[in-house]
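One file, model-v4.cif, carrying mmCIF, C-alpha atoms:
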```cif
data_upload
loop_
_atom_site.group_PDB
_atom_site.id
_atom_site.type_symbol
_atom_site.label_atom_id
_atom_site.label_comp_id
_atom_site.auth_asym_id
_atom_site.auth_seq_id
_atom_site.Cartn_x
_atom_site.Cartn_y
_atom_site.Cartn_z
ATOM 1 C CA MET A 20 137.831 89.840 98.086
ATOM 2 C CA VAL A 21 137.723 87.205 100.839
ATOM 3 C CA THR A 22 136.474 89.736 103.397
ATOM 4 C CA ALA A 23 133.771 90.983 101.047
ATOM 5 C CA ALA A 24 132.714 87.419 100.238
ATOM 6 C CA LEU A 25 132.448 86.491 103.932
ATOM 7 C CA LEU A 26 130.355 89.581 104.648
ATOM 8 C CA VAL A 27 127.962 89.074 101.750
ATOM 9 C CA PHE A 28 127.794 85.281 101.757
ATOM 10 C CA HIS A 29 128.237 84.527 105.461
ATOM 11 C CA SER A 30 125.146 82.317 105.417
ATOM 12 C CA SER A 31 126.974 79.993 103.017
ATOM 13 C CA VAL A 32 129.630 79.158 105.609
ATOM 14 C CA PRO A 33 128.504 75.724 106.865
ATOM 15 C CA ASN A 34 127.623 74.955 110.455
ATOM 16 C CA ALA A 35 128.241 71.229 110.069
ATOM 17 C CA VAL A 36 131.768 71.407 111.476
ATOM 18 C CA GLY A 37 132.108 73.200 114.795
ATOM 19 C CA ARG A 38 129.236 75.561 113.952
ATOM 20 C CA LEU A 39 131.717 77.815 112.171
ATOM 21 C CA GLY A 40 128.918 79.708 110.431
ATOM 22 C CA SER A 41 127.355 80.797 113.712
ATOM 23 C CA LEU A 42 130.765 81.679 115.138
ATOM 24 C CA LEU A 43 131.507 83.912 112.156
ATOM 25 C CA GLU A 44 128.088 85.566 112.318
ATOM 26 C CA ALA A 45 128.326 86.235 116.057
ATOM 27 C CA PHE A 46 131.228 88.603 115.359
ATOM 28 C CA LEU A 47 130.420 89.538 111.752
ATOM 29 C CA PRO A 48 130.647 93.355 112.130
ATOM 30 C CA TRP A 49 134.255 93.020 113.245
ATOM 31 C CA LEU A 50 135.260 91.873 109.773
ATOM 32 C CA GLY A 51 135.093 95.578 108.955
ATOM 33 C CA LEU A 52 138.436 95.994 110.739
ATOM 34 C CA ALA A 53 140.032 94.426 107.678
ATOM 35 C CA VAL A 54 139.088 97.489 105.584
ATOM 36 C CA PRO A 55 141.521 100.028 107.150
ATOM 37 C CA VAL A 56 144.268 97.383 107.139
ATOM 38 C CA LEU A 57 143.718 96.740 103.436
ATOM 39 C CA LEU A 58 143.550 100.475 102.775
ATOM 40 C CA VAL A 59 146.923 101.093 104.441
ATOM 41 C CA ALA A 60 148.447 98.209 102.483
ATOM 42 C CA ALA A 61 147.106 99.630 99.212
ATOM 43 C CA LEU A 62 148.481 103.091 99.998
ATOM 44 C CA VAL A 63 151.894 101.696 100.905
ATOM 45 C CA ARG A 64 151.981 99.777 97.634
ATOM 46 C CA ARG A 65 150.581 102.793 95.750
ATOM 47 C CA SER A 66 148.345 100.375 93.878
ATOM 48 C CA VAL A 67 145.235 101.749 92.223
ATOM 49 C CA THR A 68 143.971 98.195 91.718
ATOM 50 C CA ALA A 69 144.338 97.455 95.433
ATOM 51 C CA LEU A 70 142.581 100.703 96.328
ATOM 52 C CA VAL A 71 139.644 99.780 94.109
ATOM 53 C CA ALA A 72 139.579 96.300 95.655
ATOM 54 C CA VAL A 73 139.242 97.849 99.118
ATOM 55 C CA LEU A 74 135.925 99.336 98.019
ATOM 56 C CA LEU A 75 134.340 95.874 97.847
ATOM 57 C CA PRO A 76 134.550 94.964 101.557
ATOM 58 C CA ALA A 77 133.918 98.600 102.509
ATOM 59 C CA ALA A 78 130.699 98.675 100.483
ATOM 60 C CA ALA A 79 129.643 95.259 101.801
ATOM 61 C CA TRP A 80 130.162 96.356 105.423
ATOM 62 C CA ALA A 81 128.363 99.656 104.880
ATOM 63 C CA GLY A 82 125.418 97.864 103.298
ATOM 64 C CA LEU A 83 125.080 95.485 106.232
ATOM 65 C CA PHE A 84 125.949 97.674 109.207
ATOM 66 C CA GLY A 85 126.235 101.276 108.076
ATOM 67 C CA GLY A 86 122.711 102.085 109.218
ATOM 68 C CA LEU A 87 123.681 101.301 112.807
ATOM 69 C CA LEU A 88 125.995 104.313 112.757
ATOM 70 C CA LEU A 89 123.385 106.769 111.504
ATOM 71 C CA PRO A 90 121.912 109.336 113.918
ATOM 72 C CA ALA A 91 119.159 107.996 116.134
ATOM 73 C CA ASP A 92 115.560 108.331 115.029
ATOM 74 C CA ARG A 93 114.196 110.983 117.390
ATOM 75 C CA GLY A 94 110.668 110.848 116.019
ATOM 76 C CA PRO A 95 107.562 110.054 118.080
ATOM 77 C CA HIS A 96 107.500 106.810 120.041
ATOM 78 C CA ASP A 97 104.948 104.973 122.154
ATOM 79 C CA ILE A 98 107.008 103.348 124.895
ATOM 80 C CA THR A 99 110.587 102.977 126.061
ATOM 81 C CA ALA A 100 112.067 99.750 127.368
ATOM 82 C CA VAL A 101 115.246 98.722 129.160
ATOM 83 C CA GLN A 102 116.727 95.246 128.852
ATOM 84 C CA HIS A 103 119.421 94.127 131.315
ATOM 85 C CA ASN A 104 121.106 90.929 132.394
ATOM 86 C CA VAL A 105 121.845 92.059 135.937
ATOM 87 C CA SER A 106 124.249 89.138 136.691
ATOM 88 C CA ASP A 107 123.684 86.585 139.406
ATOM 89 C CA GLU A 108 126.889 87.878 141.042
ATOM 90 C CA ASN A 109 125.806 91.534 141.127
ATOM 91 C CA PRO A 110 127.054 93.032 144.410
ATOM 92 C CA ASP A 111 124.526 95.901 144.422
ATOM 93 C CA PRO A 112 121.103 94.886 143.080
ATOM 94 C CA ALA A 113 119.356 97.873 144.667
ATOM 95 C CA GLY A 114 121.834 100.295 143.115
ATOM 96 C CA THR A 115 121.445 98.566 139.748
ATOM 97 C CA ALA A 116 117.673 98.897 139.952
ATOM 98 C CA ARG A 117 117.907 102.607 140.782
ATOM 99 C CA ALA A 118 120.303 103.164 137.876
ATOM 100 C CA LEU A 119 117.868 101.542 135.444
ATOM 101 C CA THR A 120 115.077 103.904 136.456
ATOM 102 C CA ALA A 121 117.165 106.998 135.673
ATOM 103 C CA SER A 122 115.990 107.080 132.045
ATOM 104 C CA ALA A 123 112.353 106.587 133.177
ATOM 105 C CA PRO A 124 111.475 103.689 130.834
ATOM 106 C CA ASP A 125 107.991 102.216 130.663
ATOM 107 C CA LEU A 126 109.289 98.645 130.884
ATOM 108 C CA ILE A 127 112.311 97.079 132.574
ATOM 109 C CA ALA A 128 113.208 93.460 131.746
ATOM 110 C CA LEU A 129 115.769 91.675 133.914
ATOM 111 C CA GLU A 130 117.605 88.369 133.666
ATOM 112 C CA GLU A 131 119.706 86.455 136.225
ATOM 113 C CA VAL A 132 117.497 87.665 139.068
ATOM 114 C CA THR A 133 118.442 85.394 141.954
ATOM 115 C CA PRO A 134 115.987 84.591 144.779
ATOM 116 C CA SER A 135 118.255 86.367 147.256
ATOM 117 C CA ALA A 136 118.447 89.549 145.148
ATOM 118 C CA LEU A 137 114.773 89.634 144.122
ATOM 119 C CA PRO A 138 113.533 91.513 147.240
ATOM 120 C CA ALA A 139 116.064 94.281 146.580
ATOM 121 C CA TYR A 140 114.885 94.692 142.977
ATOM 122 C CA GLU A 141 111.245 94.647 144.045
ATOM 123 C CA ALA A 142 111.746 97.265 146.756
ATOM 124 C CA ALA A 143 113.806 99.608 144.566
ATOM 125 C CA LEU A 144 111.504 99.401 141.534
ATOM 126 C CA ALA A 145 108.109 99.315 143.260
ATOM 127 C CA PRO A 146 107.562 103.104 143.602
ATOM 128 C CA ALA A 147 107.748 103.777 139.835
ATOM 129 C CA TYR A 148 106.850 100.301 138.559
ATOM 130 C CA PRO A 149 103.865 98.996 140.515
ATOM 131 C CA TYR A 150 103.259 96.080 138.139
ATOM 132 C CA HIS A 151 105.719 93.235 137.851
ATOM 133 C CA ALA A 152 106.005 89.506 137.192
ATOM 134 C CA VAL A 153 108.858 87.062 137.730
ATOM 135 C CA GLU A 154 109.338 83.511 136.455
ATOM 136 C CA GLY A 155 112.473 81.708 137.569
ATOM 137 C CA THR A 156 115.340 84.128 136.980
ATOM 138 C CA VAL A 157 113.625 86.529 134.535
ATOM 139 C CA GLY A 158 111.256 89.353 135.336
ATOM 140 C CA LEU A 159 109.372 92.325 133.918
ATOM 141 C CA TRP A 160 108.601 95.590 135.725
ATOM 142 C CA SER A 161 106.042 97.935 134.172
ATOM 143 C CA ARG A 162 104.420 101.332 134.642
ATOM 144 C CA HIS A 163 101.293 99.897 132.997
ATOM 145 C CA PRO A 164 99.013 97.046 134.120
ATOM 146 C CA LEU A 165 99.976 93.479 133.257
ATOM 147 C CA THR A 166 97.619 90.782 132.010
ATOM 148 C CA GLY A 167 97.934 87.184 130.878
ATOM 149 C CA VAL A 168 101.158 86.511 132.747
ATOM 150 C CA ARG A 169 102.581 83.047 132.135
ATOM 151 C CA ARG A 170 105.793 81.073 131.996
ATOM 152 C CA VAL A 171 107.172 80.302 128.540
ATOM 153 C CA ASP A 172 108.889 76.928 128.359
ATOM 154 C CA ILE A 173 112.167 77.417 126.489
ATOM 155 C CA ARG A 174 114.112 74.721 128.348
ATOM 156 C CA PRO A 175 116.259 72.672 125.935
ATOM 157 C CA ALA A 176 116.556 68.901 126.233
ATOM 158 C CA GLY A 177 119.136 67.804 128.773
ATOM 159 C CA ILE A 178 118.745 70.786 131.110
ATOM 160 C CA GLU A 179 117.364 69.973 134.535
ATOM 161 C CA GLU A 180 113.841 70.711 135.732
ATOM 162 C CA GLY A 181 113.410 74.064 137.391
ATOM 163 C CA TRP A 182 115.309 75.931 134.671
ATOM 164 C CA ASN A 183 112.831 78.747 133.981
ATOM 165 C CA ARG A 184 114.022 81.591 131.768
ATOM 166 C CA GLY A 185 110.975 82.547 129.748
ATOM 167 C CA LEU A 186 108.101 84.904 130.622
ATOM 168 C CA ARG A 187 105.142 86.328 128.710
ATOM 169 C CA CYS A 188 103.080 89.299 129.883
ATOM 170 C CA GLY A 189 100.332 91.341 128.302
ATOM 171 C CA VAL A 190 100.893 95.063 128.924
ATOM 172 C CA ARG A 191 98.053 97.607 128.708
ATOM 173 C CA THR A 192 99.898 100.627 127.352
ATOM 174 C CA PRO A 193 98.184 103.942 126.496
ATOM 175 C CA GLY A 194 98.605 102.964 122.845
ATOM 176 C CA GLY A 195 96.933 99.576 123.264
ATOM 177 C CA GLU A 196 97.812 96.124 124.533
ATOM 178 C CA ILE A 197 101.103 94.526 123.624
ATOM 179 C CA ALA A 198 102.594 91.129 124.420
ATOM 180 C CA VAL A 199 106.019 91.346 126.035
ATOM 181 C CA TYR A 200 108.335 88.359 126.194
ATOM 182 C CA VAL A 201 111.354 88.271 128.488
ATOM 183 C CA ALA A 202 113.876 85.524 127.829
ATOM 184 C CA HIS A 203 117.378 84.399 128.683
ATOM 185 C CA LEU A 204 118.671 81.824 126.217
ATOM 186 C CA PRO A 205 121.417 79.353 127.241
ATOM 187 C CA SER A 206 125.008 80.491 127.071
ATOM 188 C CA VAL A 207 127.282 79.340 124.276
ATOM 189 C CA ARG A 208 130.613 77.660 124.928
ATOM 190 C CA PHE A 209 133.880 77.505 123.024
ATOM 191 C CA ARG A 210 134.993 73.888 123.047
ATOM 192 C CA ALA A 211 137.618 71.797 121.264
ATOM 193 C CA SER A 212 134.775 70.593 119.033
ATOM 194 C CA GLY A 213 133.847 74.170 118.084
ATOM 195 C CA PHE A 214 131.185 76.734 118.939
ATOM 196 C CA GLY A 215 128.802 75.050 121.389
ATOM 197 C CA SER A 216 125.503 76.753 120.553
ATOM 198 C CA GLY A 217 123.184 73.734 120.324
ATOM 199 C CA PRO A 218 121.140 74.371 123.517
ATOM 200 C CA ARG A 219 120.895 78.086 122.689
ATOM 201 C CA ASP A 220 119.609 77.299 119.208
ATOM 202 C CA GLU A 221 117.034 74.842 120.558
ATOM 203 C CA SER A 222 115.822 77.379 123.091
ATOM 204 C CA ALA A 223 115.516 79.972 120.309
ATOM 205 C CA ARG A 224 113.310 77.562 118.326
ATOM 206 C CA LEU A 225 111.020 77.065 121.314
ATOM 207 C CA LEU A 226 110.770 80.808 121.886
ATOM 208 C CA GLY A 227 110.141 81.394 118.188
ATOM 209 C CA ALA A 228 107.257 78.928 118.266
ATOM 210 C CA ALA A 229 105.729 80.788 121.229
ATOM 211 C CA VAL A 230 105.964 84.094 119.365
ATOM 212 C CA VAL A 231 104.322 82.587 116.277
ATOM 213 C CA ALA A 232 101.435 81.361 118.435
ATOM 214 C CA GLU A 233 100.992 84.765 120.139
ATOM 215 C CA GLU A 234 97.523 86.147 119.448
ATOM 216 C CA VAL A 235 98.268 89.765 120.361
ATOM 217 C CA GLU A 236 99.528 91.461 117.212
ATOM 218 C CA ARG A 237 102.086 93.784 118.788
ATOM 219 C CA VAL A 238 104.971 91.891 120.344
ATOM 220 C CA VAL A 239 108.139 93.074 122.076
ATOM 221 C CA LEU A 240 110.874 90.591 122.959
ATOM 222 C CA LEU A 241 113.404 91.723 125.560
ATOM 223 C CA GLY A 242 116.185 89.363 126.463
ATOM 224 C CA ASP A 243 119.729 88.154 126.728
ATOM 225 C CA LEU A 244 119.768 85.965 123.617
ATOM 226 C CA ASN A 245 123.468 85.136 123.923
ATOM 227 C CA SER A 246 124.344 86.155 120.389
ATOM 228 C CA THR A 247 123.989 88.894 117.837
ATOM 229 C CA VAL A 248 121.066 89.197 115.448
ATOM 230 C CA ASP A 249 123.312 88.097 112.561
ATOM 231 C CA ASP A 250 123.768 84.621 114.057
ATOM 232 C CA ARG A 251 121.678 82.078 112.164
ATOM 233 C CA GLY A 252 120.989 80.310 115.451
ATOM 234 C CA LEU A 253 118.569 83.126 116.273
ATOM 235 C CA ALA A 254 116.783 82.855 112.915
ATOM 236 C CA PRO A 255 113.603 81.406 114.527
ATOM 237 C CA LEU A 256 113.301 84.848 116.149
ATOM 238 C CA THR A 257 114.927 87.265 113.703
ATOM 239 C CA SER A 258 112.955 85.833 110.772
ATOM 240 C CA ARG A 259 109.689 86.646 112.577
ATOM 241 C CA LEU A 260 110.546 89.801 114.513
ATOM 242 C CA ARG A 261 112.037 93.118 113.469
ATOM 243 C CA VAL A 262 115.639 93.890 114.278
ATOM 244 C CA PRO A 263 116.667 97.460 115.247
ATOM 245 C CA ARG A 264 118.478 99.305 112.449
ATOM 246 C CA ARG A 265 119.810 102.280 114.424
ATOM 247 C CA GLY A 266 122.435 102.039 117.153
ATOM 248 C CA LEU A 267 125.285 99.597 117.764
ATOM 249 C CA ALA A 268 124.567 99.283 121.523
ATOM 250 C CA LEU A 269 127.344 96.765 122.195
ATOM 251 C CA SER A 270 126.389 95.300 125.567
ATOM 252 C CA TRP A 271 128.845 92.515 126.446
ATOM 253 C CA PRO A 272 131.198 92.262 128.192
ATOM 254 C CA ALA A 273 130.620 95.469 130.115
ATOM 255 C CA ALA A 274 134.333 96.172 130.598
ATOM 256 C CA LEU A 275 135.060 96.114 126.840
ATOM 257 C CA PRO A 276 131.874 95.478 124.827
ATOM 258 C CA VAL A 277 132.359 93.579 121.570
ATOM 259 C CA ALA A 278 128.805 92.412 120.809
ATOM 260 C CA ARG A 279 125.164 93.224 121.458
ATOM 261 C CA ILE A 280 123.732 90.025 122.854
ATOM 262 C CA ASP A 281 121.015 91.875 124.812
ATOM 263 C CA GLN A 282 118.227 92.322 122.289
ATOM 264 C CA VAL A 283 115.015 94.247 121.687
ATOM 265 C CA LEU A 284 113.014 92.646 118.865
ATOM 266 C CA THR A 285 109.497 93.605 117.788
ATOM 267 C CA ARG A 286 106.435 92.635 115.746
ATOM 268 C CA SER A 287 104.003 95.277 114.440
ATOM 269 C CA ALA A 288 106.291 97.795 116.128
ATOM 270 C CA THR A 289 109.746 99.235 115.539
ATOM 271 C CA ALA A 290 112.637 99.763 117.913
ATOM 272 C CA SER A 291 113.560 103.089 116.350
ATOM 273 C CA GLU A 292 116.660 103.507 118.511
ATOM 274 C CA VAL A 293 118.726 101.284 120.790
ATOM 275 C CA ARG A 294 121.519 102.517 123.009
ATOM 276 C CA THR A 295 123.496 101.341 126.004
ATOM 277 C CA LEU A 296 123.161 102.855 129.461
ATOM 278 C CA PRO A 297 125.955 103.354 132.026
ATOM 279 C CA ALA A 298 127.494 100.273 133.588
ATOM 280 C CA THR A 299 125.990 98.710 136.708
ATOM 281 C CA GLY A 300 127.289 95.897 138.888
ATOM 282 C CA SER A 301 126.743 93.440 136.025
ATOM 283 C CA ASP A 302 129.051 92.051 133.358
ATOM 284 C CA HIS A 303 126.484 93.288 130.781
ATOM 285 C CA LEU A 304 125.561 96.862 129.944
ATOM 286 C CA PRO A 305 121.863 97.773 130.020
ATOM 287 C CA VAL A 306 120.246 98.386 126.643
ATOM 288 C CA ALA A 307 117.473 100.977 126.205
ATOM 289 C CA ALA A 308 115.092 101.225 123.257
ATOM 290 C CA ARG A 309 112.478 103.675 121.994
ATOM 291 C CA ILE A 310 109.592 101.677 120.476
ATOM 292 C CA ARG A 311 107.020 102.930 118.002
ATOM 293 C CA PHE A 312 103.857 100.924 117.307
ATOM 294 C CA ASP A 313 102.611 100.288 113.807
ATOM 295 C CA ALA A 314 99.273 101.879 112.996
ATOM 296 C CA SER A 315 96.388 99.567 113.830
#
```
Show this structure as structure tokens.
Amino acid sequence: MVTAALLVFHSSVPNAVGRLGSLLEAFLPWLGLAVPVLLVAALVRRSVTALVAVLLPAAAWAGLFGGLLLPADRGPHDITAVQHNVSDENPDPAGTARALTASAPDLIALEEVTPSALPAYEAALAPAYPYHAVEGTVGLWSRHPLTGVRRVDIRPAGIEEGWNRGLRCGVRTPGGEIAVYVAHLPSVRFRASGFGSGPRDESARLLGAAVVAEEVERVVLLGDLNSTVDDRGLAPLTSRLRVPRRGLALSWPAALPVARIDQVLTRSATASEVRTLPATGSDHLPVAARIRFDAS
């Protein structure tokens, strides 16, 4: 009963103390692990009542996350995109760039691009992606022409000048112009006081405001948002943009992924499938998405 209640009413868990609500939501799918444990306990006890009770959390989990396990939507799509936090400690940026081109996406969004590694990414991606833009440590490489490139200010209060992790580009795709945002929200920290997500949440509000003000109807957000789409801290984005419903695509940490914090969110478009790509020299896995535009 408790597991089912937490799954269904997770938004009722308060954030006032240690941001416990956000902490729960960041790992919400993992509550499903309680279901097999409860099932085994019910079978050992040979209790029909306990078996029936197991159905509650099982049904709650399936309702929230079951769609992510369904076969990918292989229908028509307009563009493909890859999102990757390449890590500022990546020992092989050129090799990482080549690996990302293997699936031949239309767009490649990168975060944690250091000044020293940038030339390697530019050289490796230039042959297939002649159009690119970089602001601070985030960048977008595209097969299609870019327009209206500008920095998006998502710097929270208290973070020093020069912290640039937001980028907006218009992209002239064969299906029409779209606005693509690339963002890297601040990391969260586990402290004695709780789940330290304040700067991340503030940055999400600033990015959400930029998306609301975007005049181009079709929007694609690619970024390391440092949480899952269930986390209420990302509500300024997830309440305004569509969340993928097919594919778990757990992206972090690369060695043993437990969460998808690398996101592909859309407006007037649908990410019909998200999946992870093979590991690179980063502590994140790349995430690829097939995107279908809404009819004009």
Point (125.1, 85.1, 122.6), cut-off 8 Å, counting all atoms listed in the file, residues as a count of residues only: 9
Tell me, counting all atoms listed in the file, for each residue of stretch 181-279 of chain A within 9 Å of stretch 103-126 of chain A, which pair of atoms is nearest and how far apart they are in Å to one decimal, in rows ordered by chain and increasing number, as CSV.
```
residue,atom,partner,partner_atom,distance
A:Thr192,CA,A:Asp125,CA,8.9
A:His203,CA,A:Asn104,CA,8.4
A:Leu241,CA,A:His103,CA,8.7
A:Gly242,CA,A:His103,CA,7.5
A:Asp243,CA,A:Asn104,CA,6.5
```
Each residue of stretch 38-155 of chain A lying at most 10 Å from stretch 182-187 of chain A should get a row with its shortest atom-to-atom pair and the distance in Å to one decimal, counting all atoms listed in the file; could you produce that, ordered by chain and increasing number, as a tab-separated table?
```
residue	atom	partner	partner_atom	distance
A:Glu130	CA	A:Arg184	CA	7.9
A:Glu131	CA	A:Arg184	CA	8.7
A:Ala152	CA	A:Leu186	CA	8.3
A:Val153	CA	A:Leu186	CA	7.5
A:Glu154	CA	A:Leu186	CA	6.1
A:Gly155	CA	A:Asn183	CA	4.7
```
Exercise: A:Gly40 partners within 12 Å, only C-alpha atoms, chain neighbours under 6 positions left out, as a list in words: Leu25, Leu26, Phe28, His29, Ser30, Ser31, Val32, Pro33, Asn34, Phe46, Leu47, Gly213, Phe214, Gly215, Ser216, Asp249, Asp250, Arg251 and Gly252 of chain A
Keeping only C-alpha atoms, write those residues as a PDB file, in the coordinates of the input.
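To be explicit, this is the file written out as out.pdb:
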```pdb
ATOM      1  CA  LEU A  25     132.448  86.491 103.932  1.00  0.00           C
ATOM      2  CA  LEU A  26     130.355  89.581 104.648  1.00  0.00           C
ATOM      3  CA  PHE A  28     127.794  85.281 101.757  1.00  0.00           C
ATOM      4  CA  HIS A  29     128.237  84.527 105.461  1.00  0.00           C
ATOM      5  CA  SER A  30     125.146  82.317 105.417  1.00  0.00           C
ATOM      6  CA  SER A  31     126.974  79.993 103.017  1.00  0.00           C
ATOM      7  CA  VAL A  32     129.630  79.158 105.609  1.00  0.00           C
ATOM      8  CA  PRO A  33     128.504  75.724 106.865  1.00  0.00           C
ATOM      9  CA  ASN A  34     127.623  74.955 110.455  1.00  0.00           C
ATOM     10  CA  PHE A  46     131.228  88.603 115.359  1.00  0.00           C
ATOM     11  CA  LEU A  47     130.420  89.538 111.752  1.00  0.00           C
ATOM     12  CA  GLY A 213     133.847  74.170 118.084  1.00  0.00           C
ATOM     13  CA  PHE A 214     131.185  76.734 118.939  1.00  0.00           C
ATOM     14  CA  GLY A 215     128.802  75.050 121.389  1.00  0.00           C
ATOM     15  CA  SER A 216     125.503  76.753 120.553  1.00  0.00           C
ATOM     16  CA  ASP A 249     123.312  88.097 112.561  1.00  0.00           C
ATOM     17  CA  ASP A 250     123.768  84.621 114.057  1.00  0.00           C
ATOM     18  CA  ARG A 251     121.678  82.078 112.164  1.00  0.00           C
ATOM     19  CA  GLY A 252     120.989  80.310 115.451  1.00  0.00           C
TER      20      GLY A 252
END
```
Pick from A:Leu267, A:Val277, A:Ile310, A:Val36, whichever lies nearest to A:Leu87 using only C-alpha atoms: A:Leu267
Given the PyMOL selection byres ((chain A and resi 290-304) around 6), the residues it picks as JSON, numbers by chain: {"A": [91, 92, 105, 106, 109, 115, 263, 265, 266, 268, 270, 271, 272, 273, 289, 305, 306, 307, 308, 309, 310]}
Now that the selection is made, can you save its residues with C-alpha atoms as a PDB file, in the coordinates of the input?
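Result saved to result.pdb:
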```pdb
ATOM      1  CA  ALA A  91     119.159 107.996 116.134  1.00  0.00           C
ATOM      2  CA  ASP A  92     115.560 108.331 115.029  1.00  0.00           C
ATOM      3  CA  VAL A 105     121.845  92.059 135.937  1.00  0.00           C
ATOM      4  CA  SER A 106     124.249  89.138 136.691  1.00  0.00           C
ATOM      5  CA  ASN A 109     125.806  91.534 141.127  1.00  0.00           C
ATOM      6  CA  THR A 115     121.445  98.566 139.748  1.00  0.00           C
ATOM      7  CA  PRO A 263     116.667  97.460 115.247  1.00  0.00           C
ATOM      8  CA  ARG A 265     119.810 102.280 114.424  1.00  0.00           C
ATOM      9  CA  GLY A 266     122.435 102.039 117.153  1.00  0.00           C
ATOM     10  CA  ALA A 268     124.567  99.283 121.523  1.00  0.00           C
ATOM     11  CA  SER A 270     126.389  95.300 125.567  1.00  0.00           C
ATOM     12  CA  TRP A 271     128.845  92.515 126.446  1.00  0.00           C
ATOM     13  CA  PRO A 272     131.198  92.262 128.192  1.00  0.00           C
ATOM     14  CA  ALA A 273     130.620  95.469 130.115  1.00  0.00           C
ATOM     15  CA  THR A 289     109.746  99.235 115.539  1.00  0.00           C
ATOM     16  CA  PRO A 305     121.863  97.773 130.020  1.00  0.00           C
ATOM     17  CA  VAL A 306     120.246  98.386 126.643  1.00  0.00           C
ATOM     18  CA  ALA A 307     117.473 100.977 126.205  1.00  0.00           C
ATOM     19  CA  ALA A 308     115.092 101.225 123.257  1.00  0.00           C
ATOM     20  CA  ARG A 309     112.478 103.675 121.994  1.00  0.00           C
ATOM     21  CA  ILE A 310     109.592 101.677 120.476  1.00  0.00           C
TER      22      ILE A 310
END
```
Which of A:Ala232, A:Leu240, A:Ala288, A:Ala278 sits closest to A:Ile127 [using all atoms listed in the file]: A:Leu240
Atom-to-atom span, atom CA of A:Leu75 and atom CA of A:Ala35, Å: 28.2 Å
Atomic distance atom CA of A:Gly167 - atom CA of A:Val238, expressed in Å with one decimal: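 The value is 13.5 Å.
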Given the PyMOL selection byres ((chain A and resi 222-227) around 6), the residues it picks as a count of residues only: 11
From A:Thr22, A:Gln282, A:Thr99, A:Ser41, residue lying nearest A:Ala79 [all atoms listed in the file]: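 Looking only at the distances to A:Ala79, the closest residue turns out to be A:Thr22.
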Atom-to-atom span, atom CA of A:Gln102 and atom CA of A:Leu129, Å: 6.3 Å
Nearest residue to A:Gly86 from the set A:Val262, A:Ala23, A:Val168, A:Ala314 (distances using all atoms listed in the file):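 Between A:Val262, A:Ala23, A:Val168, A:Ala314, the residue approaching A:Gly86 most closely is A:Val262.
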